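Take a look at the structure set out below.
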Amino acid sequence: MKKKIFKYKLVYYLAVIASLLLFIISSFWILEIFNDFSLFKTLNIVVSLVINSFAFINLVEKYDKAILFLNLSLFLSIIVLGYPLLLGFLNGYYILGHFTFKILIVLILSLLIVNVFKVKNYKGINEIENIGKHED
């Protein structure tokens, strides 16, 4: 019996692809440490790399906490991309044409899709709890 994390396979594949892309992007961010060293930037890169790797591994193995790590990964990416866009918007720049704004919208939509189509509660077969119970 296969464990289901999402209601549809297409949503599962979307989550795995998004998690893989975020992991690859965060792994390439390691090269940014050498350009301009900052403790906050280094901490942000290390945290995003760890969370994205946990999200990808948990999604592929279909563990219980896969959606939690995927939500953390998407939320962290939205914050990292959205903060400069918010500052630009508050300074009066036109942000609707930026490529990062479009990526931000895609991340928000994937976060919504993942949370709408997740399986609420998983009723796995636990043999230890069913010992001595008569089930027909």
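Ordered as shown in the structure tokens, chains take letters A, B, and onward, while each chain numbers its residues from 1 and ligands are numbered from 1 in the order shown.
Every protein or nucleic acid residue with an atom no more than 9 Å from A:Leu49, counting only C-alpha atoms and leaving out same-chain residues fewer than 4 positions away, appears here: Leu22, Phe23, Ile24, Ile25, Ser26, Ser27, Trp29, Ile30, Asn44, Ile45, Ser53 and Phe54 of chain A.
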Selection: 9 Å around stretch 102-117 of chain A, only C-alpha atoms, excl. self and same-chain fewer than 3 positions, as a PyMOL selection string: chain A and resi 5-8+11-12+14-15+18+67+70-71+74-75+77-78+81-82+96-99+120
Near-A:Ile95 list (7 Å; only C-alpha atoms; drop same-chain fewer than 5 positions) as an mmCIF file with C-alpha atoms, in the first residue's frame:
data_model
loop_
_atom_site.group_PDB
_atom_site.id
_atom_site.type_symbol
_atom_site.label_atom_id
_atom_site.label_comp_id
_atom_site.auth_asym_id
_atom_site.auth_seq_id
_atom_site.Cartn_x
_atom_site.Cartn_y
_atom_site.Cartn_z
ATOM 1 C CA LEU A 85 10.105 43.738 -4.128
ATOM 2 C CA PHE A 89 7.194 49.031 -4.353
ATOM 3 C CA PHE A 101 7.628 39.294 -9.191
#
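You will find atom CA of A:Leu72 at 7.1 Å from atom CA of A:Ile51.
Between atom CA of A:Ser73 and atom CA of A:Gly92 the interatomic distance comes to 29.2 Å.
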DSSP-assigned alpha helix (DSSP H) among chain A, expressed as number ranges by chain: A: 9-28, 39-61, 66-90, 99-116
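Here atom CA of A:Ile79 is placed at a distance of 13.1 Å from atom CA of A:Val47.
For the choices A:Asn52, A:Asn35, A:Thr42, A:Asn91, the atom-to-atom distance to A:Leu68 is smallest for A:Asn52 when using only C-alpha atoms.
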